[in-house]
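What's in protein31.txt: compact mmCIF, C-alpha atoms
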# COMPACT_ATOMS: atom_id res chain seq x y z
CA MET A 18 -23.34 -13.10 0.45
CA ILE A 19 -22.11 -10.98 -2.43
CA ILE A 20 -24.22 -8.02 -3.36
CA ALA A 21 -24.80 -7.95 -7.13
CA SER A 22 -24.35 -4.19 -7.46
CA ASN A 23 -21.12 -2.28 -7.00
CA LYS A 24 -19.13 -4.67 -9.19
CA ILE A 25 -16.16 -3.64 -11.30
CA THR A 26 -15.18 -4.82 -14.75
CA GLN A 27 -11.98 -6.59 -15.80
CA GLY A 28 -10.59 -3.47 -17.46
CA GLN A 29 -11.31 -1.39 -14.40
CA PHE A 30 -9.62 -4.01 -12.25
CA ILE A 31 -6.45 -3.89 -14.38
CA CYS A 32 -6.41 -0.08 -14.10
CA LEU A 33 -6.95 -0.27 -10.36
CA VAL A 34 -4.15 -2.80 -9.80
CA PHE A 35 -1.76 -0.82 -11.99
CA SER A 36 -2.45 2.53 -10.38
CA TYR A 37 -2.38 1.04 -6.87
CA LEU A 38 1.00 -0.63 -7.41
CA SER A 39 2.56 2.19 -9.40
CA GLY A 40 1.61 5.02 -7.05
CA PHE A 41 4.92 5.89 -5.49
CA SER A 42 6.78 2.70 -6.37
CA THR A 43 9.34 4.81 -8.23
CA LEU A 44 9.80 7.37 -5.46
CA PHE A 45 12.69 5.77 -3.57
CA LEU A 46 13.82 3.00 -5.95
CA SER A 47 15.40 1.14 -3.03
CA GLU A 48 16.15 -1.96 -5.12
CA ALA A 49 17.88 0.13 -7.77
CA LYS A 50 20.01 1.75 -5.07
CA LEU A 51 20.91 -1.68 -3.68
CA LEU A 52 21.40 -3.71 -6.86
CA LYS A 53 22.17 -0.99 -9.40
CA GLN A 54 22.46 -2.63 -12.85
CA ASP A 55 20.98 -5.90 -11.56
CA VAL A 56 17.75 -4.23 -10.48
CA TRP A 57 15.77 -6.07 -13.19
CA MET A 58 16.43 -9.35 -11.37
CA SER A 59 14.93 -8.10 -8.11
CA CYS A 60 11.95 -6.76 -10.02
CA CYS A 61 11.32 -10.13 -11.69
CA LEU A 62 11.85 -11.97 -8.39
CA GLY A 63 9.50 -9.60 -6.58
CA MET A 64 6.68 -10.13 -9.07
CA CYS A 65 6.68 -13.93 -8.70
CA PRO A 66 5.35 -14.13 -5.09
CA ALA A 67 2.71 -11.49 -5.88
CA ILE A 68 1.46 -13.47 -8.89
CA ILE A 69 1.45 -16.71 -6.86
CA VAL A 70 -0.51 -15.07 -4.03
CA VAL A 71 -3.06 -13.64 -6.46
CA TRP A 72 -3.37 -17.10 -8.05
CA ILE A 73 -3.98 -18.68 -4.60
CA PHE A 74 -6.70 -16.15 -3.74
CA TYR A 75 -8.17 -16.57 -7.22
CA ARG A 76 -8.38 -20.38 -6.87
CA VAL A 77 -9.87 -20.07 -3.38
CA GLN A 78 -12.41 -17.54 -4.62
CA LEU A 79 -13.33 -19.76 -7.58
CA LYS A 80 -13.94 -22.61 -5.18
CA TYR A 81 -16.44 -20.55 -3.19
CA PRO A 82 -17.89 -18.19 -5.80
CA ALA A 83 -20.92 -17.25 -3.72
CA LEU A 84 -18.86 -15.98 -0.77
CA THR A 85 -16.64 -12.99 -0.23
CA MET A 86 -13.02 -13.63 0.77
CA VAL A 87 -13.65 -12.80 4.44
CA GLU A 88 -16.58 -15.25 4.49
CA ILE A 89 -14.28 -17.86 2.95
CA PHE A 90 -11.78 -17.17 5.73
CA ASP A 91 -14.59 -17.78 8.22
CA LYS A 92 -15.44 -21.06 6.54
CA LEU A 93 -11.83 -22.27 6.37
CA CYS A 94 -10.37 -21.01 9.64
CA GLY A 95 -13.28 -20.56 11.98
CA HIS A 96 -14.73 -17.41 13.43
CA TRP A 97 -12.07 -16.43 15.97
CA MET A 98 -9.06 -17.38 13.90
CA THR A 99 -10.50 -15.29 11.06
CA LYS A 100 -10.74 -12.31 13.39
CA LEU A 101 -7.08 -12.75 14.32
CA ILE A 102 -6.03 -13.02 10.66
CA LEU A 103 -8.06 -9.97 9.71
CA ILE A 104 -6.49 -7.98 12.57
CA ILE A 105 -3.07 -8.88 11.12
CA TYR A 106 -4.27 -7.50 7.79
CA LEU A 107 -5.60 -4.35 9.47
CA VAL A 108 -2.18 -3.77 11.03
CA TYR A 109 -0.54 -4.41 7.65
CA ILE A 110 -2.84 -1.87 6.01
CA LEU A 111 -2.07 0.71 8.70
CA GLU A 112 1.65 0.09 8.22
CA MET A 113 1.44 0.55 4.44
CA MET A 114 -0.84 3.55 4.76
CA ALA A 115 1.45 5.29 7.26
CA ALA A 116 4.44 4.70 4.98
CA ALA A 117 2.54 6.03 1.94
CA CYS A 118 1.28 9.14 3.76
CA ARG A 119 4.68 9.90 5.22
CA ALA A 120 6.47 9.32 1.91
CA LEU A 121 4.10 11.65 0.12
CA SER A 122 4.22 14.37 2.79
CA SER A 123 8.02 14.14 3.08
CA PHE A 124 8.34 14.36 -0.68
CA TYR A 125 6.16 17.46 -0.81
CA THR A 126 7.87 19.18 2.11
CA SER A 127 11.28 18.36 0.58
CA VAL A 128 10.74 19.44 -3.01
CA ALA A 129 7.56 21.50 -3.41
CA LEU A 130 6.13 22.96 -0.19
CA PRO A 131 8.95 23.40 2.34
CA ASN A 132 6.92 25.63 4.66
CA MET A 133 3.86 23.40 4.80
CA PRO A 134 3.71 21.27 7.99
CA SER A 135 3.64 17.54 7.30
CA ASP A 136 0.65 17.04 9.57
CA GLN A 137 -1.49 19.36 7.50
CA LEU A 138 -0.51 17.59 4.31
CA ILE A 139 -1.37 14.23 5.85
CA LEU A 140 -4.69 15.64 7.06
CA LEU A 141 -5.53 16.81 3.52
CA ILE A 142 -4.58 13.42 2.08
CA ILE A 143 -6.67 11.52 4.62
CA LEU A 144 -9.68 13.80 4.19
CA SER A 145 -9.70 13.15 0.45
CA THR A 146 -9.19 9.39 0.84
CA THR A 147 -11.94 9.23 3.45
CA TYR A 148 -14.35 10.96 1.10
CA ALA A 149 -13.34 8.61 -1.74
CA THR A 150 -13.87 5.58 0.51
CA TYR A 151 -17.28 6.90 1.43
CA LEU A 152 -18.21 7.08 -2.28
CA GLY A 153 -17.40 3.41 -2.80
CA ILE A 154 -15.38 1.15 -5.06
CA GLY A 155 -17.34 2.05 -8.22
CA THR A 156 -16.45 5.71 -7.92
CA ILE A 157 -12.85 4.91 -7.03
CA VAL A 158 -12.28 2.82 -10.17
CA ARG A 159 -14.01 5.37 -12.40
CA SER A 160 -11.68 8.04 -11.02
CA VAL A 161 -8.73 5.77 -11.75
CA GLN A 162 -9.97 5.25 -15.30
CA LEU A 163 -10.32 8.98 -15.76
CA THR A 164 -6.83 9.76 -14.47
CA LEU A 165 -4.89 6.89 -16.00
CA PRO A 166 -4.81 8.21 -19.63
CA PHE A 167 -3.35 11.54 -18.41
CA PHE A 168 -0.74 9.67 -16.42
CA LEU A 169 0.16 7.39 -19.33
CA VAL A 170 0.47 10.23 -21.84
CA GLY A 171 2.49 12.33 -19.39
CA ILE A 172 4.80 9.53 -18.34
CA ILE A 173 5.39 8.36 -21.95
CA ILE A 174 6.40 11.90 -22.93
CA ILE A 175 8.70 12.13 -19.91
CA PHE A 176 10.18 8.71 -20.70
CA LEU A 177 10.82 9.65 -24.33
CA PHE A 178 12.57 12.87 -23.35
CA LEU A 179 14.51 11.14 -20.60
CA TRP A 180 15.61 8.49 -23.06
CA ARG A 181 17.76 11.13 -24.81
CA GLU A 182 19.80 11.54 -21.62
CA VAL A 183 20.78 7.85 -21.56
CA GLU A 184 24.04 7.44 -23.41
CA THR A 185 25.05 3.91 -22.43
CA ASN A 186 23.03 0.93 -21.28
CA PRO A 187 22.99 1.24 -17.46
CA LEU A 188 22.05 -2.44 -17.02
CA LEU A 189 25.45 -3.56 -18.28
CA PRO A 190 27.53 -5.38 -17.18
CA PRO A 191 24.96 -7.72 -15.58
CA PHE A 192 25.39 -10.21 -12.70
CA GLN A 193 27.67 -7.99 -10.64
CA HIS A 194 26.04 -8.86 -7.30
CA THR A 195 25.99 -11.96 -5.14
CA VAL A 196 23.01 -14.30 -5.16
CA SER A 197 22.17 -13.29 -1.58
CA ALA A 198 22.10 -9.60 -2.52
CA VAL A 199 19.80 -10.35 -5.48
CA VAL A 200 17.52 -12.46 -3.26
CA TYR A 201 17.36 -9.63 -0.74
CA GLY A 202 16.55 -7.22 -3.56
CA GLY A 203 13.78 -9.61 -4.60
CA LEU A 204 12.50 -9.59 -1.02
CA LEU A 205 12.46 -5.79 -1.09
CA SER A 206 10.51 -5.82 -4.35
CA SER A 207 8.11 -8.44 -3.12
CA TYR A 208 7.38 -6.27 -0.07
CA PHE A 209 7.16 -3.06 -2.03
CA PRO A 210 5.47 -2.57 -4.41
CA PHE A 211 4.32 -6.02 -5.56
CA GLY A 212 3.37 -7.49 -2.17
CA LYS A 213 0.71 -4.82 -1.77
CA THR A 214 -1.36 -6.80 -4.30
CA VAL A 215 -2.49 -9.02 -1.42
CA VAL A 216 -5.29 -6.61 -0.50
CA PHE A 217 -6.94 -7.31 -3.86
CA GLY A 218 -7.70 -10.79 -2.57
CA PHE A 219 -10.49 -9.14 -0.59
CA LEU A 220 -11.87 -7.43 -3.69
CA LEU A 221 -11.93 -10.41 -6.07
CA SER A 222 -15.57 -11.10 -5.36
CA ARG A 223 -16.40 -7.59 -6.55
CA VAL A 224 -15.06 -8.19 -10.06
CA HIS A 225 -17.33 -9.25 -12.90
CA ALA A 226 -16.54 -12.55 -14.65
CA MET A 227 -14.60 -14.02 -11.77
CA GLU A 228 -12.83 -16.61 -13.91
CA LYS A 229 -10.86 -13.84 -15.64
CA THR A 230 -9.76 -11.95 -12.54
CA PHE A 231 -6.42 -13.74 -12.34
CA SER A 232 -5.34 -12.69 -15.81
CA ALA A 233 -6.56 -9.15 -15.10
CA ALA A 234 -4.56 -8.94 -11.86
CA VAL A 235 -1.46 -10.39 -13.54
CA LYS A 236 -1.74 -7.83 -16.34
CA GLY A 237 -1.87 -5.05 -13.73
CA ILE A 238 1.18 -6.47 -11.94
CA LEU A 239 3.14 -6.91 -15.19
CA PHE A 240 2.35 -3.40 -16.40
CA SER A 241 3.41 -2.04 -13.05
CA GLY A 242 6.62 -4.10 -13.19
CA LEU A 243 7.31 -2.78 -16.67
CA TYR A 244 6.78 0.80 -15.51
CA LEU A 245 9.11 0.24 -12.54
CA LEU A 246 11.76 -1.33 -14.75
CA ILE A 247 11.66 1.46 -17.34
CA ALA A 248 11.79 4.07 -14.56
CA SER A 249 14.79 2.30 -12.98
CA TYR A 250 16.54 1.97 -16.35
CA LEU A 251 16.07 5.64 -17.19
CA THR A 252 17.03 6.82 -13.72
CA LEU A 253 20.23 4.78 -13.68
CA GLY A 254 20.96 5.81 -17.25
CA ALA A 255 20.25 9.52 -16.84
CA LEU A 256 21.78 10.08 -13.40
CA GLY A 257 24.47 7.43 -13.45
CA ILE A 258 24.69 4.54 -11.01
CA ASN A 259 26.52 6.41 -8.24
CA LEU A 260 24.33 9.51 -8.21
CA ALA A 261 21.13 7.44 -8.45
CA GLY A 262 22.27 5.52 -5.38
CA SER A 263 22.92 8.60 -3.29
CA VAL A 264 19.94 10.91 -3.89
CA THR A 265 16.74 10.52 -1.85
CA PHE A 266 14.28 10.66 -4.77
CA PRO A 267 16.29 9.39 -7.75
CA PHE A 268 13.47 9.19 -10.29
CA PHE A 269 12.33 12.68 -9.43
CA SER A 270 15.90 13.96 -9.82
CA ALA A 271 16.03 12.25 -13.21
CA ILE A 272 12.80 13.73 -14.54
CA GLN A 273 13.95 17.18 -13.44
CA MET A 274 16.41 16.94 -16.33
CA VAL A 275 13.60 16.90 -18.88
CA LYS A 276 13.03 20.13 -20.77
CA PHE A 277 11.33 21.01 -24.02
CA GLY A 278 13.31 23.26 -26.30
CA GLU A 279 15.18 25.99 -24.50
CA TYR A 280 12.40 27.46 -22.41
CA VAL A 281 9.91 24.91 -21.00
CA GLU A 282 11.50 23.44 -17.89
CA ARG A 283 10.30 21.94 -14.59
CA ILE A 284 7.85 19.80 -16.56
CA GLU A 285 8.04 17.26 -13.74
CA ILE A 286 5.49 19.28 -11.73
CA THR A 287 2.74 17.99 -14.05
CA ILE A 288 3.82 14.44 -13.46
CA ILE A 289 4.03 15.00 -9.71
CA CYS A 290 0.35 15.99 -9.66
CA ILE A 291 -0.73 12.76 -11.35
CA TRP A 292 1.79 10.81 -9.32
CA THR A 293 0.23 12.22 -6.14
CA MET A 294 -3.21 11.15 -7.30
CA PHE A 295 -1.97 7.61 -7.81
CA THR A 296 -0.50 7.51 -4.32
CA ILE A 297 -3.83 8.76 -3.02
CA PHE A 298 -5.56 5.97 -4.95
CA GLU A 299 -3.31 3.54 -3.14
CA ILE A 300 -4.35 4.92 0.24
CA VAL A 301 -8.00 4.91 -0.89
CA VAL A 302 -7.83 1.22 -1.78
CA LEU A 303 -6.14 0.46 1.54
CA GLN A 304 -8.76 2.43 3.44
CA TYR A 305 -11.59 0.79 1.52
CA VAL A 306 -10.28 -2.71 2.28
CA PHE A 307 -9.69 -1.67 5.90
CA VAL A 308 -13.37 -0.72 6.20
CA LEU A 309 -14.42 -4.07 4.67
CA LEU A 310 -12.29 -6.04 7.12
CA PHE A 311 -13.28 -3.88 10.08
CA ARG A 312 -16.94 -4.40 9.24
CA HIS A 313 -16.48 -8.14 9.13
CA ILE A 314 -14.54 -8.32 12.40
CA PHE A 315 -17.25 -6.48 14.32
CA ARG A 316 -20.17 -7.76 12.19
CA LEU A 317 -21.27 -4.17 11.63
CA LYS A 318 -24.67 -3.55 10.09
CA ASN A 319 -23.68 -0.29 8.48
CA ALA A 320 -19.98 0.41 7.99
CA LYS A 321 -20.53 3.87 6.46
CA ARG A 322 -20.79 5.47 9.89
CA PHE A 323 -17.29 4.18 10.66
CA ILE A 324 -15.56 5.56 7.59
CA PHE A 325 -14.82 8.95 9.13
CA PRO A 326 -13.56 7.58 12.50
CA ILE A 327 -11.36 5.15 10.52
CA GLY A 328 -10.06 8.15 8.59
CA VAL A 329 -9.19 9.82 11.91
CA LEU A 330 -7.40 6.65 12.98
CA PHE A 331 -5.44 6.69 9.71
CA PHE A 332 -4.50 10.30 10.32
CA VAL A 333 -3.26 9.87 13.89
CA ILE A 334 -1.23 6.77 13.00
CA ALA A 335 0.31 8.42 9.93
CA GLN A 336 1.04 11.51 12.01
CA LYS A 337 2.91 9.55 14.68
CA SER A 338 4.80 7.16 12.38
CA PHE A 339 8.12 7.68 10.60
CA LEU A 340 8.78 11.12 12.02
CA ARG A 341 12.08 11.45 10.20
CA MET A 342 12.64 10.68 6.53
CA ASN A 343 15.54 8.45 7.50
CA ASP A 344 13.26 6.35 9.74
CA LEU A 345 11.13 5.48 6.73
CA ALA A 346 14.12 4.65 4.53
CA VAL A 347 15.71 2.41 7.18
CA TYR A 348 12.38 0.75 7.99
CA ASN A 349 11.70 0.06 4.31
CA LEU A 350 15.13 -1.42 3.82
CA THR A 351 15.53 -3.51 6.95
CA ILE A 352 12.30 -4.17 8.85
CA ALA A 353 9.34 -4.10 6.44
CA PRO A 354 10.58 -6.90 4.14
CA PHE A 355 10.37 -9.24 7.16
CA SER A 356 7.39 -7.79 9.01
CA THR A 357 5.15 -8.04 5.94
CA LEU A 358 6.01 -11.66 5.10
CA LEU A 359 3.17 -12.93 7.29
CA PRO A 360 0.30 -11.07 5.59
CA ILE A 361 1.64 -11.03 2.04
CA ILE A 362 2.93 -14.59 1.72
CA ILE A 363 2.45 -16.88 4.72
CA ILE A 364 -1.28 -16.32 5.40
CA PRO A 365 -2.31 -16.63 1.71
CA VAL A 366 -0.32 -19.87 1.39
CA VAL A 367 -1.95 -21.27 4.55
CA ILE A 368 -5.39 -20.26 3.27
CA GLY A 369 -4.64 -21.95 -0.05
CA LEU A 370 -3.57 -25.17 1.70
CA LEU A 371 -6.66 -25.09 3.93
CA ALA A 372 -8.86 -24.68 0.88
CA VAL A 373 -7.21 -27.71 -0.73
CA PHE A 374 -7.55 -29.90 2.37
CA LYS A 375 -11.09 -28.81 3.17
CA GLY A 376 -12.01 -29.58 -0.44
CA ARG A 377 -10.91 -33.18 0.04
CA GLU A 378 -13.32 -33.74 2.91
CA PRO A 379 -16.49 -35.62 1.99
CA ALA A 380 -19.51 -33.37 1.54
CA MET B 27 -2.15 20.96 19.05
CA LEU B 28 -3.92 19.08 16.27
CA SER B 29 -3.57 15.85 18.26
CA ASP B 30 -5.05 17.44 21.36
CA VAL B 31 -8.04 18.71 19.41
CA ILE B 32 -8.59 15.30 17.82
CA CYS B 33 -8.21 13.59 21.19
CA LEU B 34 -10.87 15.77 22.79
CA ALA B 35 -13.19 15.66 19.77
CA VAL B 36 -13.04 11.88 19.48
CA ALA B 37 -13.53 11.41 23.22
CA GLY B 38 -16.60 13.64 23.13
CA TYR B 39 -17.94 12.09 19.93
CA SER B 40 -17.59 8.51 21.20
CA LEU B 41 -19.28 9.36 24.50
CA VAL B 42 -22.18 11.03 22.69
CA ARG B 43 -22.47 8.08 20.31
CA PHE B 44 -22.32 5.63 23.19
CA PHE B 45 -25.16 7.20 25.12
CA HIS B 46 -27.18 8.27 22.11
CA LYS B 47 -27.06 5.07 20.10
CA ASN B 48 -26.98 2.60 22.93
CA ASN B 49 -30.62 1.69 22.55
CA GLN B 50 -30.88 2.04 18.79
CA ARG B 51 -27.87 0.25 17.33
CA GLY B 52 -26.43 -3.20 17.79
CA LYS B 53 -24.04 -3.89 20.62
CA GLN B 54 -21.29 -4.67 18.08
CA ASP B 55 -21.52 -1.16 16.63
CA ILE B 56 -21.01 0.39 20.04
CA VAL B 57 -18.11 -1.90 20.90
CA ALA B 58 -16.46 -1.15 17.54
CA MET B 59 -16.87 2.61 18.02
CA LEU B 60 -15.49 2.47 21.56
CA ILE B 61 -12.46 0.42 20.51
CA LEU B 62 -11.78 2.74 17.59
CA SER B 63 -12.11 5.79 19.81
CA ALA B 64 -9.87 4.28 22.49
CA ILE B 65 -7.14 3.60 19.91
CA ILE B 66 -7.40 7.12 18.47
CA ILE B 67 -7.27 8.68 21.94
CA GLY B 68 -4.40 6.33 22.83
CA TYR B 69 -2.38 7.78 19.97
CA CYS B 70 -3.35 11.39 20.67
CA ILE B 71 -2.58 11.50 24.40
CA PRO B 72 -0.47 14.61 24.97
CA TYR B 73 1.96 12.68 27.19
CA PRO B 74 4.14 10.61 24.82
CA LYS B 75 5.09 8.30 27.68
CA PHE B 76 1.52 6.99 27.88
CA ALA B 77 0.71 7.06 24.17
CA LEU B 78 0.26 3.81 22.24
CA PRO B 79 3.34 2.56 20.39
CA THR B 80 3.33 2.94 16.62
CA ILE B 81 3.30 -0.10 14.35
CA GLU B 82 6.72 1.00 13.17
CA SER B 83 8.17 0.88 16.69
CA VAL B 84 6.54 -2.46 17.58
CA TYR B 85 7.69 -4.12 14.37
CA THR B 86 11.16 -2.64 14.71
CA TYR B 87 11.36 -4.15 18.21
CA LEU B 88 10.03 -7.53 17.01
CA TYR B 89 11.84 -7.91 13.71
CA GLN B 90 15.14 -6.12 14.22
CA PRO B 91 16.94 -9.24 15.55
CA VAL B 92 15.69 -11.28 12.57
CA SER B 93 16.64 -8.53 10.16
CA LYS B 94 20.12 -8.09 11.68
CA TYR B 95 20.75 -11.84 11.62
CA PHE B 96 19.58 -12.17 8.01
CA LEU B 97 21.50 -9.16 6.75
CA GLN B 98 24.62 -10.37 8.53
CA LYS B 99 24.24 -13.82 6.96
CA VAL B 100 23.86 -12.44 3.45
CA GLY B 101 26.69 -9.97 4.02
CA LEU B 102 24.77 -6.76 3.41

Just give me the structure of the file as structure tokens.
Amino acid sequence: MIIASNKITQGQFICLVFSYLSGFSTLFLSEAKLLKQDVWMSCCLGMCPAIIVVWIFYRVQLKYPALTMVEIFDKLCGHWMTKLILIIYLVYILEMMAAACRALSSFYTSVALPNMPSDQLILLIILSTTYATYLGIGTIVRSVQLTLPFFLVGIIIIFLFLWREVETNPLLPPFQHTVSAVVYGGLLSSYFPFGKTVVFGFLLSRVHAMEKTFSAAVKGILFSGLYLLIASYLTLGALGINLAGSVTFPFFSAIQMVKFGEYVERIEITIICIWTMFTIFEIVVLQYVFVLLFRHIFRLKNAKRFIFPIGVLFFVIAQKSFLRMNDLAVYNLTIAPFSTLLPIIIIPVVIGLLAVFKGREPA
Amino acid sequence: MLSDVICLAVAGYSLVRFFHKNNQRGKQDIVAMLILSAIIIGYCIPYPKFALPTIESVYTYLYQPVSKYFLQKVGL
């Protein structure tokens, strides 16, 4: 049963969804590299499955308001099938976490700390996320609330200064790509970043006023989509379509162009700090949900004792995965859009259908 | 080096936990800790040949044919 304490408000939930999705969504801009001026289409296409999945989880949660999502899974699928489904989600979380850790460490070793070993960076990241997970969801969302205004002010200033570098509309002429390319771009967007929303299905029962959680989650997704679109627009506009498609971190390269007056340059370092925190929030949420699912699979009495060993597991998996930057880029472009379909779309749809059919059975 | 240290530390920690908590905690707790430790050690084994495969490598093996087929069909 749901514990009454440790609940989060609607506003906190919006902040959490936004920061979780926006973490390093603008780091690679894979869709922008693929679709160039038609990137807005992939972004819109990518948001649709995420909103539908959130709606499914929301309806299922409303149907069983006294249960958590994992207990609902138990009720709908049976004990052993639930374990199997939750293991799929654990693997999904490990996959996303490894990609996030490696992206962050590669970014730092490429642009800020070239002599720092990746492993040590990953260790630092995992130590901080493990501590945050230990403190609980309430502390995590309060930290997000504290950081978000700094991020918003910083990013709005950067956007305004970057706007001056855009001379022509980079989204014109539109419709220059085939339908299949746009659909594939949509698949990329639905995997990353919007598909990550699926983990919030397991946190819906922790939000106050459950009937409003859907609109809160959608607001978070839309704000994140807007941020991604503006970042793509400015990157394509400031760097040009060809350069944006060839550099590893296009948005970062674009914000490097921002300078105040004739003397204040490299302002992007400030943004990188807040950006890093958002990526860490993403890993924190993943780790927190991992602990919840792990506890349910093994019916643990006290999951707190497992938080540190789970952190060690996160570290060793992140350390062994995506050893080269190119591995991560290729995996994100070719494998992950397919490998994540099961947890981010298929399982939620099946759960939704099961909830509908079980609801038709006589009481 | 870091992996070796983690491997040894986790092996020692899980053994201590197993013998120390065996009578105090539920059986599920011990099973969970042992599985978690086994996976961690499996990733940290100093001989890469015997180490557990990463999720990346397993999924690449499983989904590469699907991905290749799809990308070929859409002409990308």

Edge lengths and centre in Å to one decimal, as JSON, is what I'm after for the box along x, y and z that holds all listed atoms of segment 78-86 of chain B once 8 Å is added on each side.
{"center_x": 5.7, "center_y": -0.2, "center_z": 17.7, "size_x": 26.9, "size_y": 23.9, "size_z": 25.1}

One decimal, Å: what's the distance from atom CA of Phe209 of chain A over to atom CA of Ser42 of chain A, could you say? 7.2 Å

Return the neighbours of chain B among the residues of chain A, cut-off 7 Å, counting only C-alpha atoms, as JSON, numbers by chain. {"A": [112, 197, 198, 315, 316, 317, 330, 333, 334, 337, 338, 351, 352, 355, 356]}

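Once Leu121 of chain A and its same-chain neighbours fewer than 3 positions away are set aside, Phe41, Leu44, Ala115, Ala116, Ala117, Cys118, Phe124, Tyr125, Thr126, Ser127, Ser135, Leu138, Ile139, Ile142, Trp292, Thr293, Thr296 and Ile297 of chain A remain within 10 Å of it when counting all atoms listed in the file.
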
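The space between atom CA of Ala49 of chain A and atom CA of Leu253 of chain A spans 7.9 Å.
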
Using all atoms listed in the file, determine which residues lie at most 9 Å from segment 247-251 of chain A, disregarding the query and same-chain residues fewer than 2 positions distant; provide the list as a PyMOL selection string. chain A and resi 43+46+49+53-54+56-57+176+179-180+182-183+186-188+242-245+253-256+267-268+271

Same residues, C-alpha atoms, saved as a PDB file, in the frame of the given file:
ATOM      1  CA  THR A  43       9.340   4.810  -8.230  1.00  0.00           C
ATOM      2  CA  LEU A  46      13.820   3.000  -5.950  1.00  0.00           C
ATOM      3  CA  ALA A  49      17.880   0.130  -7.770  1.00  0.00           C
ATOM      4  CA  LYS A  53      22.170  -0.990  -9.400  1.00  0.00           C
ATOM      5  CA  GLN A  54      22.460  -2.630 -12.850  1.00  0.00           C
ATOM      6  CA  VAL A  56      17.750  -4.230 -10.480  1.00  0.00           C
ATOM      7  CA  TRP A  57      15.770  -6.070 -13.190  1.00  0.00           C
ATOM      8  CA  PHE A 176      10.180   8.710 -20.700  1.00  0.00           C
ATOM      9  CA  LEU A 179      14.510  11.140 -20.600  1.00  0.00           C
ATOM     10  CA  TRP A 180      15.610   8.490 -23.060  1.00  0.00           C
ATOM     11  CA  GLU A 182      19.800  11.540 -21.620  1.00  0.00           C
ATOM     12  CA  VAL A 183      20.780   7.850 -21.560  1.00  0.00           C
ATOM     13  CA  ASN A 186      23.030   0.930 -21.280  1.00  0.00           C
ATOM     14  CA  PRO A 187      22.990   1.240 -17.460  1.00  0.00           C
ATOM     15  CA  LEU A 188      22.050  -2.440 -17.020  1.00  0.00           C
ATOM     16  CA  GLY A 242       6.620  -4.100 -13.190  1.00  0.00           C
ATOM     17  CA  LEU A 243       7.310  -2.780 -16.670  1.00  0.00           C
ATOM     18  CA  TYR A 244       6.780   0.800 -15.510  1.00  0.00           C
ATOM     19  CA  LEU A 245       9.110   0.240 -12.540  1.00  0.00           C
ATOM     20  CA  LEU A 253      20.230   4.780 -13.680  1.00  0.00           C
ATOM     21  CA  GLY A 254      20.960   5.810 -17.250  1.00  0.00           C
ATOM     22  CA  ALA A 255      20.250   9.520 -16.840  1.00  0.00           C
ATOM     23  CA  LEU A 256      21.780  10.080 -13.400  1.00  0.00           C
ATOM     24  CA  PRO A 267      16.290   9.390  -7.750  1.00  0.00           C
ATOM     25  CA  PHE A 268      13.470   9.190 -10.290  1.00  0.00           C
ATOM     26  CA  ALA A 271      16.030  12.250 -13.210  1.00  0.00           C
TER      27      ALA A 271
END

Go ahead and compute the interatomic distance for atom CA of Ile288 of chain A and atom CA of Ile175 of chain A, in Å to one decimal. 8.4 Å

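The shell of residues at most 9 Å from Thr164 of chain A, with only C-alpha atoms counted and near chain neighbours (fewer than 4 positions) removed, consists of Arg159, Ser160, Phe168, Leu169, Ile291, Met294 and Phe295 of chain A.
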
Taking only N, CA and C atoms, show segment 85-93 of chain B of the given structure as a PDB file, in the first residue's frame.
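What follows is the written file part_2.pdb:
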ATOM      1  N   TYR B  85      22.450  -6.217 -26.479  1.00  0.00           N
ATOM      2  CA  TYR B  85      21.424  -5.591 -27.329  1.00  0.00           C
ATOM      3  C   TYR B  85      21.933  -5.383 -28.757  1.00  0.00           C
ATOM      4  N   THR B  86      23.212  -5.080 -28.887  1.00  0.00           N
ATOM      5  CA  THR B  86      23.753  -4.926 -30.242  1.00  0.00           C
ATOM      6  C   THR B  86      23.648  -6.257 -30.979  1.00  0.00           C
ATOM      7  N   TYR B  87      23.967  -7.356 -30.285  1.00  0.00           N
ATOM      8  CA  TYR B  87      23.873  -8.684 -30.890  1.00  0.00           C
ATOM      9  C   TYR B  87      22.426  -9.010 -31.260  1.00  0.00           C
ATOM     10  N   LEU B  88      21.490  -8.678 -30.347  1.00  0.00           N
ATOM     11  CA  LEU B  88      20.081  -9.033 -30.561  1.00  0.00           C
ATOM     12  C   LEU B  88      19.409  -8.163 -31.622  1.00  0.00           C
ATOM     13  N   TYR B  89      19.678  -6.869 -31.570  1.00  0.00           N
ATOM     14  CA  TYR B  89      18.889  -5.941 -32.380  1.00  0.00           C
ATOM     15  C   TYR B  89      19.576  -5.462 -33.656  1.00  0.00           C
ATOM     16  N   GLN B  90      20.836  -5.815 -33.839  1.00  0.00           N
ATOM     17  CA  GLN B  90      21.515  -5.326 -35.044  1.00  0.00           C
ATOM     18  C   GLN B  90      20.845  -5.797 -36.345  1.00  0.00           C
ATOM     19  N   PRO B  91      20.447  -7.094 -36.422  1.00  0.00           N
ATOM     20  CA  PRO B  91      19.769  -7.517 -37.660  1.00  0.00           C
ATOM     21  C   PRO B  91      18.482  -6.719 -37.923  1.00  0.00           C
ATOM     22  N   VAL B  92      17.704  -6.489 -36.863  1.00  0.00           N
ATOM     23  CA  VAL B  92      16.453  -5.714 -37.013  1.00  0.00           C
ATOM     24  C   VAL B  92      16.771  -4.299 -37.471  1.00  0.00           C
ATOM     25  N   SER B  93      17.765  -3.712 -36.811  1.00  0.00           N
ATOM     26  CA  SER B  93      18.153  -2.341 -37.127  1.00  0.00           C
ATOM     27  C   SER B  93      18.636  -2.227 -38.575  1.00  0.00           C
TER      28      SER B  93
END
